[in-house]
Each structure stands twice: as C-alpha cells, then as structure tokens.
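Data block for input-v1.cif (mmCIF, C-alpha atoms):
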data_my_file
#
loop_
_atom_site.label_atom_id
_atom_site.label_comp_id
_atom_site.auth_asym_id
_atom_site.auth_seq_id
_atom_site.Cartn_x
_atom_site.Cartn_y
_atom_site.Cartn_z
CA ALA H 20 7.52 0.44 -96.94
CA LEU H 21 10.30 0.12 -94.35
CA ALA H 22 8.44 2.32 -91.84
CA ARG H 23 5.29 0.27 -92.38
CA GLY H 24 7.24 -2.94 -91.85
CA LEU H 25 8.71 -1.63 -88.61
CA GLN H 26 5.24 -0.73 -87.33
CA LEU H 27 4.06 -4.29 -88.05
CA ALA H 28 6.92 -5.90 -86.11
CA ALA H 29 5.21 -5.68 -82.72
CA PRO H 30 1.78 -6.98 -83.89
CA ALA H 31 3.53 -9.76 -85.79
CA SER H 32 5.48 -10.70 -82.66
CA LEU H 33 2.28 -10.81 -80.61
CA ALA H 34 0.58 -12.93 -83.28
CA LEU H 35 3.53 -15.31 -83.50
CA LEU H 36 3.73 -15.58 -79.73
CA THR H 37 0.01 -16.38 -79.54
CA LEU H 38 0.38 -19.01 -82.26
CA ARG H 39 3.34 -20.64 -80.54
CA VAL H 40 1.49 -20.76 -77.20
CA ALA H 41 -1.48 -22.38 -78.96
CA LEU H 42 0.76 -24.98 -80.62
CA VAL H 43 2.43 -25.81 -77.33
CA ALA H 44 -0.97 -26.19 -75.69
CA LEU H 45 -2.17 -28.52 -78.45
CA ARG H 46 0.95 -30.65 -78.15
CA ARG H 47 0.45 -30.90 -74.39
CA ILE H 48 -3.21 -31.80 -74.69
CA PHE H 49 -3.02 -34.28 -77.56
CA GLY H 50 0.53 -35.49 -77.03
CA LEU H 51 1.73 -34.32 -80.43
CA ARG H 52 5.44 -34.35 -81.22
CA LEU H 53 7.52 -32.84 -83.96
CA PRO H 54 8.65 -35.23 -86.70
CA ARG H 55 12.31 -36.23 -86.39
CA ARG H 56 13.28 -34.35 -89.54
CA ALA H 57 11.66 -31.16 -88.17
CA ARG H 58 13.52 -31.23 -84.87
CA PRO H 59 16.61 -29.35 -86.18
CA LEU H 60 14.27 -26.40 -86.64
CA ALA H 61 13.40 -26.43 -82.92
CA LEU H 62 16.41 -24.25 -82.00
CA LYS H 63 15.43 -21.65 -84.60
CA TRP H 64 11.90 -21.65 -83.25
CA ARG H 65 13.20 -21.13 -79.72
CA VAL H 66 15.25 -18.13 -80.83
CA LEU H 67 12.23 -16.73 -82.63
CA ASP H 68 10.07 -17.41 -79.59
CA LEU H 69 12.52 -15.55 -77.35
CA TYR H 70 12.59 -12.57 -79.70
CA SER H 71 8.78 -12.56 -79.88
CA VAL H 72 8.51 -12.52 -76.08
CA VAL H 73 11.00 -9.65 -75.76
CA GLU H 74 9.39 -7.67 -78.59
CA ALA H 75 5.88 -8.21 -77.21
CA ALA H 76 6.97 -7.13 -73.72
CA PHE H 77 8.62 -4.02 -75.20
CA ALA H 78 5.43 -3.19 -77.13
CA LEU H 79 3.34 -3.43 -73.95
CA LEU H 80 5.85 -1.26 -72.07
CA CYS H 81 5.73 1.39 -74.82
CA ALA H 82 1.92 1.30 -74.80
CA ALA H 83 1.93 1.92 -71.04
CA GLU H 84 4.39 4.81 -71.44
CA ARG H 85 2.25 6.37 -74.19
CA ALA H 86 -0.82 6.13 -71.98
CA ARG H 87 1.08 7.75 -69.11
CA GLY H 88 2.29 10.53 -71.43
CA GLN H 89 -1.27 11.53 -72.29
CA ALA H 90 -1.83 12.91 -68.79
CA ARG H 91 -1.82 16.68 -68.55
CA ALA H 92 1.30 18.22 -67.11
CA GLU H 93 1.00 20.20 -63.91
CA HIS H 94 2.25 23.77 -64.25
CA PRO H 95 4.44 25.10 -61.44
CA THR H 96 2.64 27.62 -59.29
CA SER H 97 3.66 31.25 -59.62
CA SER H 98 2.56 34.49 -58.00
CA PRO H 99 0.78 37.32 -59.88
CA ALA H 100 3.97 39.40 -59.63
CA GLU H 101 6.03 36.62 -61.23
CA ARG H 102 3.50 36.15 -64.02
CA ALA H 103 3.38 39.88 -64.67
CA GLU H 104 7.17 40.02 -64.90
CA VAL H 105 7.22 37.18 -67.43
CA PHE H 106 4.53 38.84 -69.52
CA GLU H 107 6.32 42.20 -69.51
CA ARG H 108 9.58 40.55 -70.53
CA CYS H 109 7.84 38.81 -73.41
CA LEU H 110 6.35 42.06 -74.69
CA ALA H 111 9.70 43.81 -74.36
CA THR H 112 11.56 41.05 -76.19
CA VAL H 113 9.40 40.26 -79.23
CA GLU H 114 9.72 42.49 -82.28
CA SER H 115 6.05 42.24 -83.23
CA PRO H 116 3.42 41.40 -80.59
CA GLN H 117 0.92 40.76 -83.36
CA ARG H 118 3.17 38.22 -85.05
CA PHE H 119 4.03 36.69 -81.69
CA ALA H 120 0.35 36.09 -80.94
CA THR H 121 -0.59 34.77 -84.37
CA ARG H 122 2.24 32.23 -84.31
CA TRP H 123 0.94 30.83 -81.02
CA LEU H 124 -2.55 30.80 -82.53
CA ARG H 125 -1.44 28.55 -85.40
CA ASP H 126 -0.80 31.39 -87.88
CA HIS H 127 -4.43 32.48 -88.14
CA PRO H 128 -4.74 36.07 -89.42
CA LEU H 129 -5.16 38.59 -86.65
CA GLY H 130 -8.52 39.62 -88.08
CA GLN H 131 -9.91 36.15 -87.37
CA ILE H 132 -8.71 36.11 -83.78
CA ARG H 133 -11.22 37.08 -81.12
CA ARG H 134 -10.74 38.04 -77.51
CA GLY H 135 -11.85 34.58 -76.37
CA ASN H 136 -9.09 32.95 -78.42
CA VAL H 137 -6.45 35.10 -76.74
CA GLU H 138 -8.00 34.22 -73.39
CA ASP H 139 -7.56 30.53 -74.23
CA TRP H 140 -3.91 31.13 -75.07
CA LEU H 141 -3.05 33.27 -72.04
CA SER H 142 -4.99 31.14 -69.57
CA TRP H 143 -2.84 28.18 -70.59
CA GLY H 144 0.44 30.10 -70.93
CA MET H 145 0.17 32.17 -67.74
CA PHE H 146 -1.97 30.01 -65.46
CA GLY H 147 -1.65 26.48 -66.84
CA LYS H 148 -5.39 25.90 -66.99
CA ASP H 149 -8.39 26.36 -69.27
CA ALA H 150 -10.06 29.77 -69.36
CA SER H 151 -13.26 28.31 -67.91
CA HIS H 152 -11.35 27.27 -64.77
CA LEU H 153 -9.99 30.72 -63.89
CA ASP H 154 -11.29 32.32 -60.73
CA GLN H 155 -12.32 35.97 -60.50
CA ALA H 156 -8.89 37.25 -59.46
CA GLU H 157 -7.13 35.32 -62.22
CA ARG H 158 -9.62 36.55 -64.81
CA SER H 159 -9.03 40.15 -63.75
CA GLU H 160 -5.30 39.56 -64.03
CA MET H 161 -5.71 38.11 -67.53
CA ASN H 162 -7.81 41.09 -68.59
CA ARG H 163 -4.85 43.31 -67.69
CA TYR H 164 -2.58 41.20 -69.87
CA ILE H 165 -4.98 41.48 -72.80
CA ALA H 166 -5.21 45.26 -72.35
CA LYS H 167 -1.40 45.52 -72.42
CA PHE H 168 -1.25 43.29 -75.48
CA GLU H 169 -3.75 45.51 -77.31
CA GLN H 170 -1.75 48.57 -76.31
CA HIS H 171 1.58 47.20 -77.52
CA SER H 172 0.17 45.68 -80.71
CA ASP H 173 -2.01 48.71 -81.51
CA PHE H 174 -4.89 46.38 -82.25
CA LYS H 175 -8.30 46.08 -80.62
CA LEU H 176 -9.51 42.51 -80.29
CA ALA H 177 -13.12 41.88 -81.24
CA ASP H 178 -15.32 40.29 -78.61
CA GLY H 179 -16.41 36.69 -78.90
CA HIS H 180 -14.67 33.44 -79.71
CA ASN H 181 -13.79 31.97 -83.10
CA GLY H 182 -14.20 28.21 -82.87
CA LEU H 183 -11.94 27.68 -85.89
CA VAL H 184 -8.95 29.29 -84.13
CA ARG H 185 -6.97 27.14 -81.71
CA CYS H 186 -3.75 27.89 -79.88
CA PHE H 187 -0.84 25.61 -79.15
CA LYS H 188 -1.04 23.96 -75.73
CA PHE H 189 1.90 21.62 -75.86
CA ASP H 190 1.48 19.95 -72.48
CA HIS H 191 -2.33 19.79 -72.75
CA GLU H 192 -2.49 18.22 -76.21
CA PRO H 193 -2.40 14.48 -77.01
CA VAL H 194 1.04 13.01 -77.56
CA GLU H 195 1.24 11.55 -81.06
CA SER H 196 3.76 8.76 -81.46
CA ALA H 197 4.43 5.73 -83.65
CA HIS H 198 5.73 2.47 -82.25
CA ARG H 199 9.09 1.14 -83.42
CA PRO H 200 10.38 -2.36 -82.60
CA LEU H 201 13.15 -2.92 -80.12
CA ILE H 202 15.57 -3.90 -82.86
CA TYR H 203 15.10 -0.46 -84.42
CA TYR H 204 16.29 1.26 -81.23
CA GLY H 205 19.14 -1.22 -81.00
CA ILE H 206 20.33 -0.12 -84.44
CA VAL H 207 19.76 3.61 -83.86
CA HIS H 208 21.15 3.92 -80.33
CA GLY H 209 23.65 1.12 -80.59
CA LEU H 210 25.16 0.92 -84.07
CA LEU H 211 24.36 4.42 -85.34
CA GLN H 212 24.75 6.58 -82.24
CA ARG H 213 27.59 4.66 -80.57
CA VAL H 214 29.63 3.66 -83.62
CA ILE H 215 28.84 5.33 -86.95
CA VAL H 216 28.22 8.91 -85.75
CA PRO H 217 31.36 9.11 -83.53
CA LEU H 218 33.56 7.63 -86.26
CA THR H 219 32.17 10.05 -88.84
CA LEU H 220 32.64 13.10 -86.60
CA ARG H 221 36.18 12.07 -85.69
CA ALA H 222 36.96 11.62 -89.39
CA PHE H 223 35.99 15.28 -89.90
CA GLY H 224 38.23 16.43 -87.07
CA PHE H 225 35.70 16.77 -84.25
CA GLY H 226 36.36 15.72 -80.67
CA PRO H 227 33.85 14.90 -77.91
CA ARG H 228 33.29 17.25 -74.98
CA ARG H 229 31.01 17.15 -71.94
CA SER H 230 29.49 19.93 -69.85
CA GLY H 231 28.06 18.98 -66.50
CA LYS H 232 26.31 15.65 -66.23
CA SER H 233 23.95 15.76 -69.18
CA ILE H 234 25.25 17.91 -72.06
CA ASN H 235 27.47 16.16 -74.59
CA TYR H 236 28.76 17.95 -77.66
CA TRP H 237 31.45 17.80 -80.34
CA VAL H 238 34.03 20.49 -81.13
CA ARG H 239 36.37 21.08 -84.05
CA ARG H 240 38.88 23.77 -83.23
CA ALA H 241 40.63 26.00 -85.75
CA PRO H 242 44.14 24.80 -86.67
CA ASP H 243 46.95 26.16 -84.49
CA GLY H 244 48.57 29.23 -85.98
CA SER H 245 45.74 29.85 -88.42
CA GLY H 246 45.17 33.30 -86.93
CA THR H 247 41.48 33.15 -87.73
CA LYS H 248 39.20 35.46 -85.74
CA ALA H 249 35.94 34.40 -87.33
CA ALA H 250 33.00 33.82 -85.02
CA PRO H 251 32.51 30.16 -84.14
CA ILE H 252 29.66 28.24 -85.74
CA VAL H 253 27.39 26.57 -83.19
CA LEU H 254 24.89 23.95 -84.36
CA ILE H 255 22.16 23.06 -81.87
CA HIS H 256 20.32 20.05 -83.23
CA GLY H 257 16.85 19.02 -82.18
CA ILE H 258 15.67 15.48 -81.62
CA GLY H 259 16.84 13.31 -84.49
CA VAL H 260 17.86 9.79 -85.44
CA GLY H 261 21.06 8.98 -83.59
CA VAL H 262 21.60 12.57 -82.42
#
Could I get this structure in the form of structure tokens?
Amino acid sequence: ALARGLQLAAPASLALLTLRVALVALRRIFGLRLPRRARPLALKWRVLDLYSVVEAAFALLCAAERARGQARAEHPTSSPAERAEVFERCLATVESPQRFATRWLRDHPLGQIRRGNVEDWLSWGMFGKDASHLDQAERSEMNRYIAKFEQHSDFKLADGHNGLVRCFKFDHEPVESAHRPLIYYGIVHGLLQRVIVPLTLRAFGFGPRRSGKSINYWVRRAPDGSGTKAAPIVLIHGIGVGV
C-alpha cells in the first residue's frame, strides 16, 4: 500500500497543479475571490502549490532520464586479439563451461540450447551487436569461439535456433524502473543515509574510511591486544536503500 501510494504522488501532484492553474484562471476571468474566512487557508495552498510544482518537475525530469536510459550502450571497440584473450581467460577461469553458458542463457537446459542461441550470446558479449549485424570476418571469429566452447564443454551444439531461449543482454535490454516522489529520496538519502545509517554503524563500533575519490566504506577493527589472526570479513553490498 505504501509503495502504491508513493507511485501515485507524482500523478496526484500533476493533477493538483492542473486543478490549481484552472482555478486561478477562472478567478482571473470571472473576478472570483476567496471568501474572507477561507483566506487563512491561502498560505497552506501556496505551500501545497509549491510542492506540486517541484514534484511535477521532478517527475518530468525522471521521465526524461528513463527515456535516455533506454538507448543502447555503445561497446568499446576491441581487436580480434583482445577478444580472443578475453574468451580464453573466461574458459580458463570458469569451473564448468556448460554451467557458465546456461546461466547466461537464463538457466535453460543445455539440451534446449541451439547453436544460434550461443551465437546471439557471443555476438553481444564479444562484439556488442546482434548476430545479424556481424560481418564475414566477425562471424568467422565467432565460429572459432563456438568451436572452442564445444571442445572445452565436451558438448556438440545442435544447429538451428530455439526461439524460447534468450540470453541476458544487460545494456541492450529495456531499463525497468518505478518512479518514487522527491520526498522519498529526501528521506532515503537525507535522513536514512546521512543520519540513521552512520549513527547505527558507529554504535556497533564501525568507523568511516575512504579510498580514492569514490569508494566509501566502514571498518571495525579487532580490539587492541586481542591477538586474533582470523581472516577479516568483507561485506560488499549491492544497490540498496540508503546503502
């Protein structure tokens, strides 16, 4: 219910702003005035009007950013030698090439995966484009990658293409997002991230540290004289509320 309410904040602000503009226009046209007893509410309306304007502007800005984020990312150019080195390092690093491939192909069983599906995956991962846009030299290069994959995985891919199997293409797929009102980010990044989280971490004995210009982290050292030689515990958190 709270999430639904937050999603309705921006449309409600736009609706309120439209209503207020219409009321102002009617008062200008017909010379209407607020009754004397209603005038104390004018200040509250002005505050609400200001919030509606800010919230509506923020909603339009977020909509523009979402539209810009739908554009496909441009992959950095690389030479065939560089791509081959990356591919060899991947094969040498993963424990199971079969499992590695099926995870990228959304956990479809290997028996359902056809050669065309692997071509879709590798054409995006190695060349940053769709398989249909590869030129002859790039297609020959990809065929070598598929042959090496079959050799390392001890599995022969069947010809064809299974339309039910899709691979992950993170920078080619639509960006799914839900709008949150400006006040939500004020609470999360202001109250939660700047006040509550630091106070909580300090209460548990952590201290802030900074590496370079962009990496901030918290550390709690072992007590002096404890003599502990246990390996440190490192928590790397993904994107989260206030983190």
Go through region 169-219 of chain H and flag each residue having an atom no more than 8 Å from region 92-110 of chain H; for those, report the closest pair of atoms plus their distance in Å to one decimal, using all atoms listed in the file, ordered by chain and rising number, as a tab-separated table.
residue	atom	partner	partner_atom	distance
H:His171	CA	H:Leu110	CA	7.6
H:Asp190	CA	H:Ala92	CA	5.6
H:His191	CA	H:Ala92	CA	6.9
| query | Quick one: distance from CA of Ala82 (chain H) to CA of Leu201 (chain H) in Å, one decimal? | reply |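 Separating CA of Ala82 (chain H) from CA of Leu201 (chain H) is a distance of 13.1 Å.
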| request: Do a neighbour search on region 116-120 of chain H at 10 Å with all atoms listed in the file, toss out local chain neighbours closer than 3 positions, and write the hits as a PyMOL selection string. | output: chain H and resi 109-113+123-129+132+137+140-141+168-174+186
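When you apply the PyMOL selection byres ((chain H and resi 226) around 8) to this structure, what comes back is Leu220, Arg221, Gly224, Phe225, Pro227, Arg228, Trp237, Val238 and Arg239 of chain H.
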| query | What is the distance between CA of Gly88 (chain H) and CA of Leu211 (chain H), in Å to one decimal? | reply | 26.8 Å
| Pick from H:Ala86, H:Asp243, H:Glu138, H:Lys248, whichever lies nearest to Val184 (chain H) using only C-alpha atoms |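 Comparing H:Ala86, H:Asp243, H:Glu138, H:Lys248 against Val184 (chain H), the winner is H:Glu138.
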| task | Kindly indicate which residue among H:Ile215, H:Ala197, H:Ala241, H:Leu69 lies nearest to Arg85 (chain H), using only C-alpha atoms for the distances. | result |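 Nearest candidate to Arg85 (chain H) out of H:Ile215, H:Ala197, H:Ala241, H:Leu69: H:Ala197.
The spacing separating CA of Val207 (chain H) from CA of His256 (chain H) amounts to 16.5 Å.
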Around all the atoms of region 130-145 of chain H listed in the file, with 5 Å of room on each side, what axis-aligned box do you get, giving centre and edge lengths in Å to one decimal, as JSON?
{"center_x": -5.7, "center_y": 33.9, "center_z": -77.9, "size_x": 22.3, "size_y": 21.4, "size_z": 30.3}
